[in-house]
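Novice: Here it is, the structure in full.
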Amino acid sequence: MIKYLGMNKFTVGQEAKIMKCFSTKNIENFAKISGDTNPVHLNEDYANKSIFKKKIVHGFLYSSLISAVIGTKLPGNGSIYLHQELNFKKPVYHDENITALVRITQIKKEKSLIYLDTFCYKDNNDIVVEGKAIVKVI
């Protein structure tokens, strides 16, 4: 029984979030680290001719905020990602504020699993990515 005491602090509907603004420098650093140097993220002239009309943030960069919420806030320390689905809905441009939100939808205490709805959205509440995650709490 002691193994599951930590799971008792979680409830269905519980939420947590983090907000960040991604600067051009953040995006350039991510491109170097990831190797994704697609010019739609880095080259103004190229991006202006794209469907986006200006440079966009890498989807995996801003969706990484979901991981930050899971790893530091909900469930927090000891969370291990088992599964993540992401559906990208709208572009994110350089220097836009993005908020990541996770919400508990199901808890399986006997297996130390937490099921989450995951979102990233802009200041105007436009959802830019939505998905589902499963995490194990150790």
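Residues in the structure tokens are named by chain (A, B, ... in the order shown) and by number from 1 within that chain; ligands are numbered from 1 in the order shown.
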Neighbouring residues of Leu116 of chain A were defined as those with any atom within 9 Å, considering only C-alpha atoms; residues of the same chain fewer than 5 positions away were excluded. Please report them as number ranges by chain.
Specialist: A: 102-106, 131-135
Novice: If you run DSSP on the backbone here, which positions in chain A get helix (DSSP H, G or I)? Please write them as a tab-separated table (two decimals) with N, CA and C atoms, in the first residue's frame.
Specialist:
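Final output, saved to out_17.tsv:
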chain	number	residue	atom	x	y	z
A	2	ILE	N	1.99	1.28	0.62
A	2	ILE	CA	2.82	2.48	0.70
A	2	ILE	C	3.22	2.94	-0.70
A	3	LYS	N	3.40	2.01	-1.63
A	3	LYS	CA	3.81	2.35	-2.99
A	3	LYS	C	2.86	3.36	-3.63
A	4	TYR	N	1.59	3.33	-3.32
A	4	TYR	CA	0.59	4.15	-4.00
A	4	TYR	C	0.19	5.41	-3.26
A	5	LEU	N	0.78	5.68	-2.10
A	5	LEU	CA	0.39	6.86	-1.33
A	5	LEU	C	0.60	8.14	-2.13
A	6	GLY	N	1.66	8.22	-2.93
A	6	GLY	CA	1.93	9.41	-3.73
A	6	GLY	C	0.85	9.66	-4.77
A	7	MET	N	0.18	8.64	-5.21
A	7	MET	CA	-0.87	8.79	-6.21
A	7	MET	C	-2.12	9.44	-5.64
A	8	ASN	N	-2.27	9.43	-4.32
A	8	ASN	CA	-3.47	9.98	-3.69
A	8	ASN	C	-3.58	11.49	-3.81
A	9	LYS	N	-2.48	12.18	-4.14
A	9	LYS	CA	-2.54	13.64	-4.25
A	9	LYS	C	-3.08	14.11	-5.60
A	24	THR	N	13.77	34.45	-31.35
A	24	THR	CA	14.53	33.97	-32.50
A	24	THR	C	15.77	33.21	-32.04
A	25	LYS	N	16.43	33.69	-31.00
A	25	LYS	CA	17.62	33.00	-30.47
A	25	LYS	C	17.25	31.60	-29.96
A	26	ASN	N	16.11	31.46	-29.25
A	26	ASN	CA	15.66	30.14	-28.80
A	26	ASN	C	15.50	29.20	-29.99
A	27	ILE	N	14.89	29.72	-31.05
A	27	ILE	CA	14.60	28.92	-32.23
A	27	ILE	C	15.88	28.53	-32.96
A	28	GLU	N	16.83	29.46	-33.06
A	28	GLU	CA	18.12	29.14	-33.67
A	28	GLU	C	18.87	28.08	-32.87
A	29	ASN	N	18.83	28.19	-31.55
A	29	ASN	CA	19.49	27.18	-30.70
A	29	ASN	C	18.83	25.82	-30.86
A	30	PHE	N	17.50	25.79	-30.90
A	30	PHE	CA	16.79	24.52	-31.10
A	30	PHE	C	17.16	23.90	-32.44
A	31	ALA	N	17.26	24.72	-33.48
A	31	ALA	CA	17.64	24.22	-34.80
A	31	ALA	C	19.02	23.58	-34.75
A	32	LYS	N	19.95	24.21	-34.05
A	32	LYS	CA	21.30	23.65	-33.93
A	32	LYS	C	21.29	22.33	-33.17
A	33	ILE	N	20.56	22.29	-32.06
A	33	ILE	CA	20.52	21.08	-31.23
A	33	ILE	C	19.80	19.94	-31.95
A	34	SER	N	18.67	20.24	-32.56
A	34	SER	CA	17.85	19.19	-33.18
A	34	SER	C	18.32	18.81	-34.58
A	39	PRO	N	14.32	26.12	-43.50
A	39	PRO	CA	14.34	27.59	-43.58
A	39	PRO	C	13.04	28.27	-43.21
A	40	VAL	N	11.94	27.56	-43.14
A	40	VAL	CA	10.67	28.18	-42.72
A	40	VAL	C	10.76	28.66	-41.26
A	41	HIS	N	11.72	28.10	-40.52
A	41	HIS	CA	11.93	28.51	-39.13
A	41	HIS	C	12.99	29.60	-38.99
A	42	LEU	N	13.90	29.70	-39.98
A	42	LEU	CA	15.11	30.48	-39.79
A	42	LEU	C	15.35	31.59	-40.81
A	44	GLU	N	13.89	34.54	-43.14
A	44	GLU	CA	12.73	35.43	-43.34
A	44	GLU	C	12.24	35.43	-44.79
A	45	ASP	N	13.16	35.53	-45.75
A	45	ASP	CA	12.77	35.55	-47.18
A	45	ASP	C	12.05	34.27	-47.57
A	46	TYR	N	12.59	33.14	-47.15
A	46	TYR	CA	11.96	31.85	-47.46
A	46	TYR	C	10.57	31.77	-46.82
A	47	ALA	N	10.50	32.11	-45.53
A	47	ALA	CA	9.24	32.02	-44.78
A	47	ALA	C	8.18	32.95	-45.36
A	48	ASN	N	8.59	34.14	-45.83
A	48	ASN	CA	7.64	35.08	-46.42
A	48	ASN	C	6.94	34.51	-47.64
A	59	GLY	N	7.37	23.03	-34.20
A	59	GLY	CA	6.27	22.47	-33.41
A	59	GLY	C	6.76	21.71	-32.18
A	60	PHE	N	7.87	20.98	-32.35
A	60	PHE	CA	8.37	20.23	-31.20
A	60	PHE	C	9.03	21.13	-30.16
A	61	LEU	N	9.41	22.32	-30.54
A	61	LEU	CA	9.96	23.24	-29.55
A	61	LEU	C	8.85	23.73	-28.63
A	62	TYR	N	7.77	24.28	-29.20
A	62	TYR	CA	6.73	24.78	-28.30
A	62	TYR	C	5.94	23.67	-27.63
A	63	SER	N	5.82	22.51	-28.29
A	63	SER	CA	5.12	21.41	-27.62
A	63	SER	C	5.96	20.81	-26.49
A	64	SER	N	7.26	21.10	-26.47
A	64	SER	CA	8.10	20.63	-25.36
A	64	SER	C	7.67	21.26	-24.03
A	65	LEU	N	6.92	22.36	-24.10
A	65	LEU	CA	6.38	22.94	-22.86
A	65	LEU	C	5.47	21.95	-22.14
A	66	ILE	N	4.80	21.09	-22.90
A	66	ILE	CA	3.96	20.05	-22.28
A	66	ILE	C	4.82	19.16	-21.40
A	67	SER	N	5.98	18.77	-21.92
A	67	SER	CA	6.92	17.96	-21.14
A	67	SER	C	7.37	18.70	-19.89
A	68	ALA	N	7.59	20.01	-20.01
A	68	ALA	CA	7.99	20.80	-18.85
A	68	ALA	C	6.92	20.80	-17.76
A	69	VAL	N	5.66	20.92	-18.16
A	69	VAL	CA	4.57	20.87	-17.17
A	69	VAL	C	4.54	19.51	-16.51
A	70	ILE	N	4.59	18.45	-17.31
A	70	ILE	CA	4.52	17.09	-16.77
A	70	ILE	C	5.69	16.81	-15.84
A	71	GLY	N	6.89	17.21	-16.23
A	71	GLY	CA	8.08	16.90	-15.45
A	71	GLY	C	8.27	17.74	-14.20
A	72	THR	N	7.66	18.94	-14.18
A	72	THR	CA	7.92	19.83	-13.04
A	72	THR	C	6.69	20.19	-12.22
A	109	LYS	N	-4.44	4.05	-10.16
A	109	LYS	CA	-3.54	4.01	-9.00
A	109	LYS	C	-2.77	2.70	-8.92
A	110	GLU	N	-3.44	1.58	-9.23
A	110	GLU	CA	-2.80	0.27	-9.09
A	110	GLU	C	-1.59	0.11	-10.01
A	111	LYS	N	-1.53	0.88	-11.09
A	111	LYS	CA	-0.40	0.82	-12.02
A	111	LYS	C	0.43	2.11	-12.01
Novice: Determine which residues of segment 18-131 of chain A receive a DSSP assignment of strand (DSSP E), computed from the backbone, and state them as number ranges by chain.
Specialist: A: 18-21, 79-88, 97-108, 113-122, 127-131
Novice: Out of A:Ile114, A:Ile107, A:Leu86, A:Ile51, which residue has the shortest atom-to-atom distance to Ile127 of chain A when counting only C-alpha atoms?
Specialist: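 Among A:Ile114, A:Ile107, A:Leu86, A:Ile51, it is A:Leu86 that comes nearest to Ile127 of chain A.
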Novice: Give me, please, the distance in Å between atom CA of Tyr93 of chain A and atom CA of Val129 of chain A, quoted to one decimal.
Specialist: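 Distance between the two atoms: 13.6 Å.
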Novice: Closest to Lys17 of chain A among A:Asp95, A:Gln84, A:Asn43, A:Phe119, using only C-alpha atoms?
Specialist: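 Of A:Asp95, A:Gln84, A:Asn43, A:Phe119, the one nearest Lys17 of chain A, counting only C-alpha atoms, is A:Phe119.
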Novice: What's the 7 Å shell around Cys21 of chain A, counting only C-alpha atoms, without same-chain residues fewer than 2 positions away, as number ranges by chain?
Specialist: A: 23, 95-98
Novice: Could you write out that same residue set with all heavy atoms as a short mmCIF file (atom, residue, chain, number, x, y, z; two decimals), in the first residue's frame?
Specialist:
data_model
loop_
_atom_site.label_atom_id
_atom_site.label_comp_id
_atom_site.auth_asym_id
_atom_site.auth_seq_id
_atom_site.Cartn_x
_atom_site.Cartn_y
_atom_site.Cartn_z
N SER A 23 11.92 33.22 -28.48
CA SER A 23 12.65 34.24 -29.24
C SER A 23 13.33 33.61 -30.45
O SER A 23 13.48 32.38 -30.52
CB SER A 23 13.71 34.89 -28.35
OG SER A 23 14.73 33.95 -28.05
N ASP A 95 8.37 35.01 -31.13
CA ASP A 95 8.00 36.00 -30.10
C ASP A 95 6.52 36.00 -29.71
O ASP A 95 6.03 36.98 -29.17
CB ASP A 95 8.44 37.41 -30.53
CG ASP A 95 9.94 37.52 -30.72
OD1 ASP A 95 10.68 37.02 -29.83
OD2 ASP A 95 10.39 38.07 -31.73
N GLU A 96 5.83 34.89 -29.94
CA GLU A 96 4.45 34.75 -29.43
C GLU A 96 4.48 34.02 -28.09
O GLU A 96 5.26 33.08 -27.91
CB GLU A 96 3.57 33.96 -30.40
CG GLU A 96 3.14 34.74 -31.60
CD GLU A 96 2.07 34.01 -32.41
OE1 GLU A 96 2.34 32.92 -32.93
OE2 GLU A 96 0.96 34.56 -32.50
N ASN A 97 3.61 34.44 -27.18
CA ASN A 97 3.47 33.74 -25.91
C ASN A 97 2.68 32.45 -26.14
O ASN A 97 1.61 32.48 -26.76
CB ASN A 97 2.72 34.59 -24.89
CG ASN A 97 3.52 35.78 -24.43
OD1 ASN A 97 4.73 35.71 -24.29
ND2 ASN A 97 2.84 36.88 -24.21
N ILE A 98 3.20 31.36 -25.59
CA ILE A 98 2.52 30.07 -25.68
C ILE A 98 2.37 29.51 -24.28
O ILE A 98 3.33 29.51 -23.49
CB ILE A 98 3.31 29.08 -26.57
CG1 ILE A 98 3.46 29.62 -27.99
CG2 ILE A 98 2.67 27.69 -26.56
CD1 ILE A 98 2.13 29.83 -28.73
#
Novice: Between atom CA of Lys20 of chain A and atom CA of Leu113 of chain A, what is the distance in Å, rounded to a tenth?
Specialist: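 Going from atom CA of Lys20 of chain A over to atom CA of Leu113 of chain A, I get 27.5 Å.
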Novice: Rank nothing, just name the residue among A:Thr37, A:Gln14, A:Thr118, A:Asn124 nearest to Phe88 of chain A, using only C-alpha atoms.
Specialist: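 Closest residue, counting only C-alpha atoms: A:Thr118.
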